[in-house]
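As structure tokens, the structure follows; a few thoughts come after it.
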Amino acid sequence: MLSIGDLGHGAAVPPPLSVLDRVSSLDDAAWIDCPGDGLGAAARRARSKLRIGNFVTFQGAPGLWGPACCNASLLAAAEINKRGGLLGREIELVMYDAGGPIEEVARRVARAVEDEDVDIVMGSHISAVRVALRNAIRGRVPYIYTPVYEGGERAPGVLTIGETPRWQSRPAIDWLTQVKHAKRWYLIGSDYVWPWLSHRAVKTYIKNAGGQVVGEEFVPLGEDNHERHLARIRAARPDVVLISLIGTDSVTFNRAFAECGLAGRVLRLAGAMDETVLLGIGADATENLFCASGYFGCQDSLENDEFRASYVRAFGPTAPPVGSVGQSNYEGLRFLEAIAQKAQTLAPRALLSAGKNIVYHGARGPVTIRDGRARMGIHLAQADGLDFKLIRAF
């Protein structure tokens, strides 16, 4: 049985319900009652199942990725269960909301591990939440963090599989410098750990490429008035604006960027951009917009063809587009399947050891983990209306 549980606010979120209705291979899927129903966690499931708590954001700026993240993780769990589960144990997937006050999300994960019998935590959320969750989990169960992030995560019990600036941003900066003759860079990002640390690395890459940073600022999450930011950008006269805003914040900024006439003469390079965000921005506001990522829906490969076909079969042609952030949830469970097969046990210590050095395959193709650091093929793409056009592979 594949199940969805407490989302942290005592209420079901509509997208997961529609997902369950449409996954034909999960006819016995059901909702687990919210904690506090008077039943112990062990009584709510058979011990033969492996309970995975997936912490996905359903609110705030990154909340627009929530439906695709939920879909992708459900699809991966269904496929793994069809193959016999993880070493014979069927996956029971429980979705939790990673949005809202970070302190409450940390309490949520602690409750999941201590009282709700979660065996493994997976997460697709901002890095500030990752730091809070790893501190609350304290290495008691493995924690797989799936999306793009700033790199450098070495805490015990945490496994990361996302793109990092060294492999994602550096080749894109070099390409824009060489091909587009970009010299002057303006950096703008959301005000939290991923943009802070990513920008620190990016500044080095820009300097090494012969460019200069002519401005930098960090924007509070949820900011939707960008007039003063755009005024500073216009005054700085950059060739490229590197954007580390997330979710709906990226949507509103890029719309405003185009509306004020900058899109036609200033390049944009986005670090957390995918098809979901592009759809929100709209075709009229994507001129000269570039993105580097380990995954794009338009990638032409056997692995991605199979993933896209399975996604449409499961959720229909009008399902939320699944870009890099959403798809990372699929990758997270494929990664778990690979390390379980390598370890030949689901014991936490053995899983963590296996996850430090392994090559696994997902929709991105082969991903190599060496000493806990992920390497994969990176693609540079340019926005083309509501889709991307791949330009270069690194």
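Here's how to read the names in the structure tokens: chain A, B, ... by the order shown, residue numbers from 1 in each chain, ligand numbers from 1 in the order shown.
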Near A:Glu217, counting only C-alpha atoms, which residues have an atom at most 10 Å away, once you skip same-chain residues fewer than 5 positions from it, shown as an MDAnalysis selection string?
chainID A and resid 186:191 195:196 229 232:233
Create the file for the chosen residues now, containing all heavy atoms and written as a CSV table (one decimal), in the first residue's frame.
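The new file result_13.csv reads:
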chain,number,residue,atom,x,y,z
A,186,TYR,N,25.4,40.7,-12.2
A,186,TYR,CA,24.7,41.2,-11.1
A,186,TYR,C,24.0,40.0,-10.5
A,186,TYR,O,23.4,39.2,-11.2
A,186,TYR,CB,23.6,42.2,-11.5
A,186,TYR,CG,23.0,43.0,-10.3
A,186,TYR,CD1,23.4,44.3,-10.1
A,186,TYR,CD2,22.0,42.4,-9.5
A,186,TYR,CE1,22.8,45.0,-9.0
A,186,TYR,CE2,21.5,43.1,-8.4
A,186,TYR,CZ,21.9,44.4,-8.2
A,186,TYR,OH,21.3,45.2,-7.2
A,187,LEU,N,24.2,39.8,-9.1
A,187,LEU,CA,23.7,38.6,-8.5
A,187,LEU,C,22.5,39.0,-7.6
A,187,LEU,O,22.6,39.9,-6.8
A,187,LEU,CB,24.7,37.9,-7.6
A,187,LEU,CG,26.1,37.8,-8.2
A,187,LEU,CD1,27.1,37.1,-7.2
A,187,LEU,CD2,26.1,37.0,-9.5
A,188,ILE,N,21.4,38.2,-7.7
A,188,ILE,CA,20.2,38.5,-6.9
A,188,ILE,C,19.6,37.1,-6.4
A,188,ILE,O,19.5,36.2,-7.3
A,188,ILE,CB,19.1,39.3,-7.6
A,188,ILE,CG1,18.0,39.6,-6.6
A,188,ILE,CG2,18.6,38.7,-8.9
A,188,ILE,CD1,17.0,40.7,-7.1
A,189,GLY,N,19.4,37.0,-5.1
A,189,GLY,CA,19.0,35.7,-4.7
A,189,GLY,C,18.0,35.8,-3.4
A,189,GLY,O,18.0,36.9,-2.8
A,190,SER,N,17.3,34.8,-3.1
A,190,SER,CA,16.5,34.7,-1.9
A,190,SER,C,17.4,34.8,-0.7
A,190,SER,O,18.6,34.3,-0.7
A,190,SER,CB,15.7,33.5,-1.9
A,190,SER,OG,14.8,33.5,-3.0
A,191,ASP,N,16.9,35.3,0.4
A,191,ASP,CA,17.7,35.6,1.6
A,191,ASP,C,17.8,34.3,2.5
A,191,ASP,O,17.2,34.3,3.6
A,191,ASP,CB,17.2,36.8,2.3
A,191,ASP,CG,18.2,37.3,3.4
A,191,ASP,OD1,19.3,36.9,3.4
A,191,ASP,OD2,17.8,38.2,4.1
A,195,PRO,N,21.3,30.6,-1.6
A,195,PRO,CA,21.9,31.7,-2.4
A,195,PRO,C,23.2,32.3,-1.7
A,195,PRO,O,24.1,32.7,-2.4
A,195,PRO,CB,20.8,32.7,-2.4
A,195,PRO,CG,19.5,31.9,-2.3
A,195,PRO,CD,19.9,30.8,-1.3
A,196,TRP,N,23.2,32.4,-0.4
A,196,TRP,CA,24.4,33.0,0.2
A,196,TRP,C,25.7,32.2,-0.2
A,196,TRP,O,26.6,32.8,-0.6
A,196,TRP,CB,24.3,32.9,1.8
A,196,TRP,CG,23.2,33.6,2.4
A,196,TRP,CD1,22.5,34.7,1.9
A,196,TRP,CD2,22.6,33.3,3.7
A,196,TRP,NE1,21.5,35.1,2.8
A,196,TRP,CE2,21.6,34.3,3.9
A,196,TRP,CE3,22.9,32.4,4.7
A,196,TRP,CZ2,20.8,34.3,5.1
A,196,TRP,CZ3,22.1,32.4,5.9
A,196,TRP,CH2,21.1,33.4,6.0
A,229,HIS,N,14.7,46.6,-6.7
A,229,HIS,CA,15.8,45.7,-7.2
A,229,HIS,C,16.1,46.0,-8.7
A,229,HIS,O,17.3,46.0,-9.1
A,229,HIS,CB,15.3,44.2,-7.0
A,229,HIS,CG,14.8,43.9,-5.7
A,229,HIS,ND1,13.6,43.2,-5.5
A,229,HIS,CD2,15.2,44.3,-4.4
A,229,HIS,CE1,13.4,43.1,-4.2
A,229,HIS,NE2,14.3,43.8,-3.5
A,232,ARG,N,18.1,49.1,-9.2
A,232,ARG,CA,19.6,48.9,-8.9
A,232,ARG,C,20.2,48.2,-10.0
A,232,ARG,O,21.4,48.4,-10.4
A,232,ARG,CB,19.7,48.2,-7.6
A,232,ARG,CG,19.5,49.1,-6.4
A,232,ARG,CD,19.9,48.5,-5.1
A,232,ARG,NE,19.0,47.5,-4.6
A,232,ARG,CZ,18.0,47.7,-3.7
A,232,ARG,NH1,17.8,48.9,-3.3
A,232,ARG,NH2,17.2,46.7,-3.3
A,233,ILE,N,19.5,47.2,-10.6
A,233,ILE,CA,20.1,46.4,-11.7
A,233,ILE,C,20.3,47.3,-12.9
A,233,ILE,O,21.4,47.3,-13.6
A,233,ILE,CB,19.2,45.2,-12.1
A,233,ILE,CG1,19.2,44.2,-10.9
A,233,ILE,CG2,19.6,44.6,-13.4
A,233,ILE,CD1,18.2,43.1,-11.1
Got a sec: who's within 10 Å of stretch 165-180 of chain A, counting only C-alpha atoms, leaving out chain neighbours fewer than 3 positions off, as a ChimeraX atom specification?
/A:148-151,162,183-185,194,197-206,208-211,239-240,242,267,269-271,290-294,374-381,392-394
Using only C-alpha atoms, determine which residues lie at most 6 Å from A:Phe55, disregarding the query and same-chain residues fewer than 6 positions distant; provide the list as an MDAnalysis selection string.
chainID A and resid 96:98 123
How about saving the chosen residues, all heavy atoms kept, as a JSON list (two decimals), in the first residue's frame?
[["chain", "number", "residue", "atom", "x", "y", "z"],
["A", 96, "TYR", "N", 4.67, 14.84, 4.03],
["A", 96, "TYR", "CA", 4.60, 15.87, 5.07],
["A", 96, "TYR", "C", 4.88, 17.23, 4.42],
["A", 96, "TYR", "O", 5.68, 17.33, 3.50],
["A", 96, "TYR", "CB", 5.65, 15.63, 6.15],
["A", 96, "TYR", "CG", 5.45, 14.39, 6.97],
["A", 96, "TYR", "CD1", 5.94, 13.16, 6.53],
["A", 96, "TYR", "CD2", 4.80, 14.43, 8.20],
["A", 96, "TYR", "CE1", 5.78, 12.01, 7.29],
["A", 96, "TYR", "CE2", 4.63, 13.30, 8.96],
["A", 96, "TYR", "CZ", 5.13, 12.08, 8.51],
["A", 96, "TYR", "OH", 4.96, 10.95, 9.27],
["A", 97, "ASP", "N", 4.24, 18.26, 4.96],
["A", 97, "ASP", "CA", 4.48, 19.61, 4.45],
["A", 97, "ASP", "C", 5.76, 20.16, 5.08],
["A", 97, "ASP", "O", 5.88, 20.22, 6.31],
["A", 97, "ASP", "CB", 3.30, 20.51, 4.79],
["A", 97, "ASP", "CG", 3.37, 21.86, 4.09],
["A", 97, "ASP", "OD1", 4.34, 22.13, 3.34],
["A", 97, "ASP", "OD2", 2.45, 22.67, 4.29],
["A", 98, "ALA", "N", 6.71, 20.56, 4.24],
["A", 98, "ALA", "CA", 7.94, 21.18, 4.72],
["A", 98, "ALA", "C", 7.86, 22.69, 4.69],
["A", 98, "ALA", "O", 8.88, 23.38, 4.78],
["A", 98, "ALA", "CB", 9.12, 20.71, 3.87],
["A", 123, "GLY", "N", 13.62, 14.54, 1.42],
["A", 123, "GLY", "CA", 13.18, 15.92, 1.42],
["A", 123, "GLY", "C", 13.48, 16.67, 0.15],
["A", 123, "GLY", "O", 14.54, 16.49, -0.45]]
Shortest interatomic distance to A:Glu153 - which of A:Ile91, A:Val193, A:Val118, A:Met273, counting only C-alpha atoms:
A:Val193
